[in-house]
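Inspection log for the structure reproduced underneath, given as structure tokens.
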Amino acid sequence: MGGKAFSADLPSGSFPRLPSRLYEDLKGRLTPLLQTIYTLVEVPPEAPGKKDHGDIDFVVAQPIHDNEHVMAALIGQVLGAVKSVEMDGNRTSNYALELSQEDCALLVSDDSQGSLPIQKIYLQVDVRVCLDAEEWELLKVMHGYGDLGIIIASIARCHGLILGTKGLKVSSPPPDPPIYLSKSPRAILEFMGLSMDRWKEGFTTVEETFVFASASRFFDPRRIRRPHLQSFTKSVEERAMYHEYTRWAQGQPPAPYCLEADREAVEEALVYFGKKDERDAAALARDKKLWMKNNFNGKIVAEWTGLGWKGVKAVMDRVRASAGGEAELYGRPLQDVRNLVLESKDALNI
């Protein structure tokens, strides 16, 4: 069943799964409607061999109209939705469309039961609005061909690389944010040893998608583990294609590359995407902060001088000024810092 977004508003069973013939027909009719308000409109490719479908999931970008605050409502008007769950900005909105009698007749003709459980039948259409063309391309890859995006992400994860709908990133020690490497699907796939052109050619069987993913230079079935799926709506337990891949992968040899340490792949990725200087600068800033915390703080200065908090503050301010700024203290021997503190105390005559 589809229609989960409207389970509280519309009857159970009113969102039957669609046979491929009706699904493709509806997709073909709805696409040009959305193209009247967005330049880029597409449904990510379905898993090969999929026989029926729940919702139709569009990804769109580059609105023709400027006012993004009314776009979610405008989508509903263009699609002729009877109900909607609208989200502003670059998020996913849900729309319920009532199927016509002709569509219902086609649904019945392809239904083994030969009848529909209730009179009114609906289709849920999800529309994900992307920030730009690059994000639009990335979402098509991450959501295209069933669980292929998750499979590729799991291969990356085995080497300390985090791939999701926002792009490829590497984690940083807390509290620093992660470092985003790229959101270009072509660049990401090329780094992993995969071909975007081959992806665009499509796949006719599920096994073809497995073979494609295993061509990655990072593929190593010995390191397969459960991926993080915050960016996807289903839990990993519901993803039969991913589980099929893990079983298939166990019978395959690892790629010749096969780095043993996650850090090697992370370091290579930082260099490849030109982010090493950013990471090194963040690491230096963290180290400086930790050094100051351990070597130049109020408690230590109070122990060295025997002063109360007002005197400690005055001494520390003078040390910073005389050193040319707190950052200039970084890396000095602790005895040198202590001498500066005591000299400042004497100079202040406190």
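By order in the structure tokens, chains are A, B, ...; within a chain, residues start at 1; ligands start at 1, following the order shown.
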Spatial neighbours of stretch 179-184 of chain A, max dist 7 Å, only C-alpha atoms, sep filter under 6 positions, as a PyMOL selection string: chain A and resi 134-135+138+166-172+273+275
Who sits within 8 Å of A:Ala215, only C-alpha atoms, same chain under 2 positions skipped, as a ChimeraX atom specification: /A:193-194,211-213,217,219,255
Atoms to include: C-alpha atoms. Write the selected residues as a compact mmCIF listing (two decimals), in the first residue's frame.
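Written output follows (again11.txt):
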```txt
# COMPACT_ATOMS: atom_id res chain seq x y z
CA GLY A 193 35.78 4.06 -9.06
CA LEU A 194 32.26 3.99 -10.50
CA VAL A 211 27.74 -5.86 -10.20
CA PHE A 212 27.87 -2.10 -10.77
CA ALA A 213 28.34 -1.34 -7.06
CA ARG A 217 37.58 0.26 -5.81
CA PHE A 219 34.23 -2.83 -2.47
CA ALA A 255 38.40 -5.12 -4.99
```
Backbone DSSP call of strand (DSSP E) for stretch 68-286 of chain A, listed as a ChimeraX atom specification: /A:83-85,92-98,122-129,162-164,167-170,179-182
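Computed from the coordinates, the atom CA of A:Thr92 to atom CA of A:Pro45 distance equals 17.8 Å.
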Helix (DSSP H, G or I) positions in stretch 261-333 of chain A, given as a ChimeraX atom specification: /A:262-272,276-295,298-305,309-323,326-329
With C-alpha atoms retained, could you export that selection as a compact mmCIF listing (two decimals), in the first residue's frame?
```txt
# COMPACT_ATOMS: atom_id res chain seq x y z
CA ASP A 262 39.55 3.81 7.34
CA ARG A 263 41.92 6.73 7.83
CA GLU A 264 43.72 5.98 4.56
CA ALA A 265 40.52 6.38 2.53
CA VAL A 266 39.54 9.51 4.47
CA GLU A 267 42.95 11.09 3.87
CA GLU A 268 42.77 10.24 0.18
CA ALA A 269 39.26 11.71 -0.08
CA LEU A 270 40.33 14.95 1.62
CA VAL A 271 43.15 15.40 -0.88
CA TYR A 272 41.03 14.35 -3.88
CA LYS A 276 42.75 18.66 3.35
CA ASP A 277 43.71 22.26 4.21
CA GLU A 278 40.26 22.83 5.69
CA ARG A 279 40.57 19.69 7.81
CA ASP A 280 44.11 20.56 8.91
CA ALA A 281 43.06 24.11 9.86
CA ALA A 282 40.18 22.75 11.94
CA ALA A 283 42.51 20.24 13.61
CA LEU A 284 44.99 23.02 14.46
CA ALA A 285 42.20 25.20 15.89
CA ARG A 286 41.03 22.27 18.04
CA ASP A 287 44.55 21.61 19.26
CA LYS A 288 45.08 25.29 20.13
CA LYS A 289 41.83 25.40 22.05
CA LEU A 290 42.75 22.27 23.99
CA TRP A 291 46.26 23.59 24.68
CA MET A 292 44.85 26.84 26.08
CA LYS A 293 42.36 24.94 28.18
CA ASN A 294 45.13 22.84 29.73
CA ASN A 295 47.95 25.41 29.95
CA GLY A 298 42.04 30.81 35.38
CA LYS A 299 42.65 27.91 37.74
CA ILE A 300 46.30 27.52 36.76
CA VAL A 301 46.94 31.28 36.88
CA ALA A 302 45.30 31.45 40.33
CA GLU A 303 47.60 28.66 41.57
CA TRP A 304 50.68 30.43 40.19
CA THR A 305 49.78 33.87 41.55
CA TRP A 309 39.31 36.04 40.20
CA LYS A 310 39.63 39.81 39.57
CA GLY A 311 43.39 39.71 39.86
CA VAL A 312 43.57 36.56 37.73
CA LYS A 313 41.55 38.24 34.99
CA ALA A 314 43.80 41.33 35.04
CA VAL A 315 46.94 39.19 34.83
CA MET A 316 45.59 37.04 32.01
CA ASP A 317 44.54 40.13 30.03
CA ARG A 318 48.03 41.60 30.39
CA VAL A 319 49.68 38.31 29.37
CA ARG A 320 47.56 38.21 26.22
CA ALA A 321 48.45 41.81 25.38
CA SER A 322 52.16 41.37 25.98
CA ALA A 323 52.28 38.16 23.93
CA GLU A 326 46.37 34.51 23.24
CA ALA A 327 47.10 32.50 20.10
CA GLU A 328 50.78 33.48 20.38
CA LEU A 329 51.05 31.50 23.62
```
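Taking atom CA of A:Leu30 as the reference point, atom CA of A:Ile64 is found at 16.8 Å.
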Spatial neighbours of A:Trp199, max dist 12 Å, only C-alpha atoms, sep filter under 4 positions, as a VMD selection string: chain A and resid 44 to 45 137 140 to 142 144 to 145 148 to 149 152 185 to 186 189 to 190 194 to 195 203 to 204 208 to 213 215
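Within the 10 Å cut-off around A:Arg91, using only C-alpha atoms and omitting residues fewer than 2 positions from it on the same chain, the listed residues are Ala72, Glu86, Met87, Asp88, Gly89, Ser93, Val127, Arg128, Val129, Cys130 and Leu131 of chain A.
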Separation of atom CA of A:Gln124 from atom CA of A:Tyr242, in Å and rounded to one decimal: 24.5 Å
Mind checking which residues fall within 8 Å of stretch 16-18 of chain A, counting only C-alpha atoms, ignoring those fewer than 5 positions away in the same chain, and posting them as a PDB file with N, CA, C and O atoms, in the first residue's frame?
```pdb
ATOM      1  N   MET A   1       0.829  -1.201   0.000  1.00  0.00           N
ATOM      2  CA  MET A   1       0.000   0.000   0.000  1.00  0.00           C
ATOM      3  C   MET A   1       0.866   1.255   0.000  1.00  0.00           C
ATOM      4  O   MET A   1       1.936   1.294   0.589  1.00  0.00           O
ATOM      5  N   GLY A   2       0.333   2.295  -0.654  1.00  0.00           N
ATOM      6  CA  GLY A   2       0.935   3.608  -0.548  1.00  0.00           C
ATOM      7  C   GLY A   2       0.089   4.465   0.377  1.00  0.00           C
ATOM      8  O   GLY A   2      -0.719   3.964   1.157  1.00  0.00           O
ATOM      9  N   TYR A  23       1.200   2.837 -13.364  1.00  0.00           N
ATOM     10  CA  TYR A  23       2.217   3.685 -12.740  1.00  0.00           C
ATOM     11  C   TYR A  23       2.940   4.524 -13.797  1.00  0.00           C
ATOM     12  O   TYR A  23       3.088   5.743 -13.652  1.00  0.00           O
ATOM     13  N   ASP A  52       4.960  -3.791  -9.017  1.00  0.00           N
ATOM     14  CA  ASP A  52       3.930  -2.830  -8.623  1.00  0.00           C
ATOM     15  C   ASP A  52       4.555  -1.740  -7.769  1.00  0.00           C
ATOM     16  O   ASP A  52       5.699  -1.853  -7.326  1.00  0.00           O
ATOM     17  N   HIS A  53       3.792  -0.680  -7.560  1.00  0.00           N
ATOM     18  CA  HIS A  53       4.361   0.533  -6.966  1.00  0.00           C
ATOM     19  C   HIS A  53       3.371   1.147  -5.975  1.00  0.00           C
ATOM     20  O   HIS A  53       2.158   1.064  -6.177  1.00  0.00           O
ATOM     21  N   GLY A  54       3.924   1.802  -4.938  1.00  0.00           N
ATOM     22  CA  GLY A  54       3.082   2.489  -3.972  1.00  0.00           C
ATOM     23  C   GLY A  54       2.845   3.928  -4.379  1.00  0.00           C
ATOM     24  O   GLY A  54       1.869   4.257  -5.039  1.00  0.00           O
ATOM     25  N   ASP A  55       3.753   4.797  -4.029  1.00  0.00           N
ATOM     26  CA  ASP A  55       3.637   6.211  -4.357  1.00  0.00           C
ATOM     27  C   ASP A  55       4.479   6.539  -5.597  1.00  0.00           C
ATOM     28  O   ASP A  55       5.316   5.740  -6.032  1.00  0.00           O
ATOM     29  N   LEU A 107      -6.747  -0.241 -13.252  1.00  0.00           N
ATOM     30  CA  LEU A 107      -6.282  -0.865 -12.017  1.00  0.00           C
ATOM     31  C   LEU A 107      -6.965  -2.205 -11.803  1.00  0.00           C
ATOM     32  O   LEU A 107      -6.332  -3.208 -11.463  1.00  0.00           O
ATOM     33  N   ILE A 121     -10.564   5.816  -5.051  1.00  0.00           N
ATOM     34  CA  ILE A 121      -9.188   5.339  -5.017  1.00  0.00           C
ATOM     35  C   ILE A 121      -8.247   6.526  -5.215  1.00  0.00           C
ATOM     36  O   ILE A 121      -8.499   7.407  -6.047  1.00  0.00           O
ATOM     37  N   TYR A 122      -7.154   6.526  -4.449  1.00  0.00           N
ATOM     38  CA  TYR A 122      -6.224   7.658  -4.469  1.00  0.00           C
ATOM     39  C   TYR A 122      -4.807   7.201  -4.775  1.00  0.00           C
ATOM     40  O   TYR A 122      -4.444   6.021  -4.637  1.00  0.00           O
ATOM     41  N   LEU A 123      -4.013   8.172  -5.172  1.00  0.00           N
ATOM     42  CA  LEU A 123      -2.585   7.988  -5.399  1.00  0.00           C
ATOM     43  C   LEU A 123      -1.844   9.022  -4.577  1.00  0.00           C
ATOM     44  O   LEU A 123      -2.224  10.193  -4.557  1.00  0.00           O
TER      45      LEU A 123
END
```
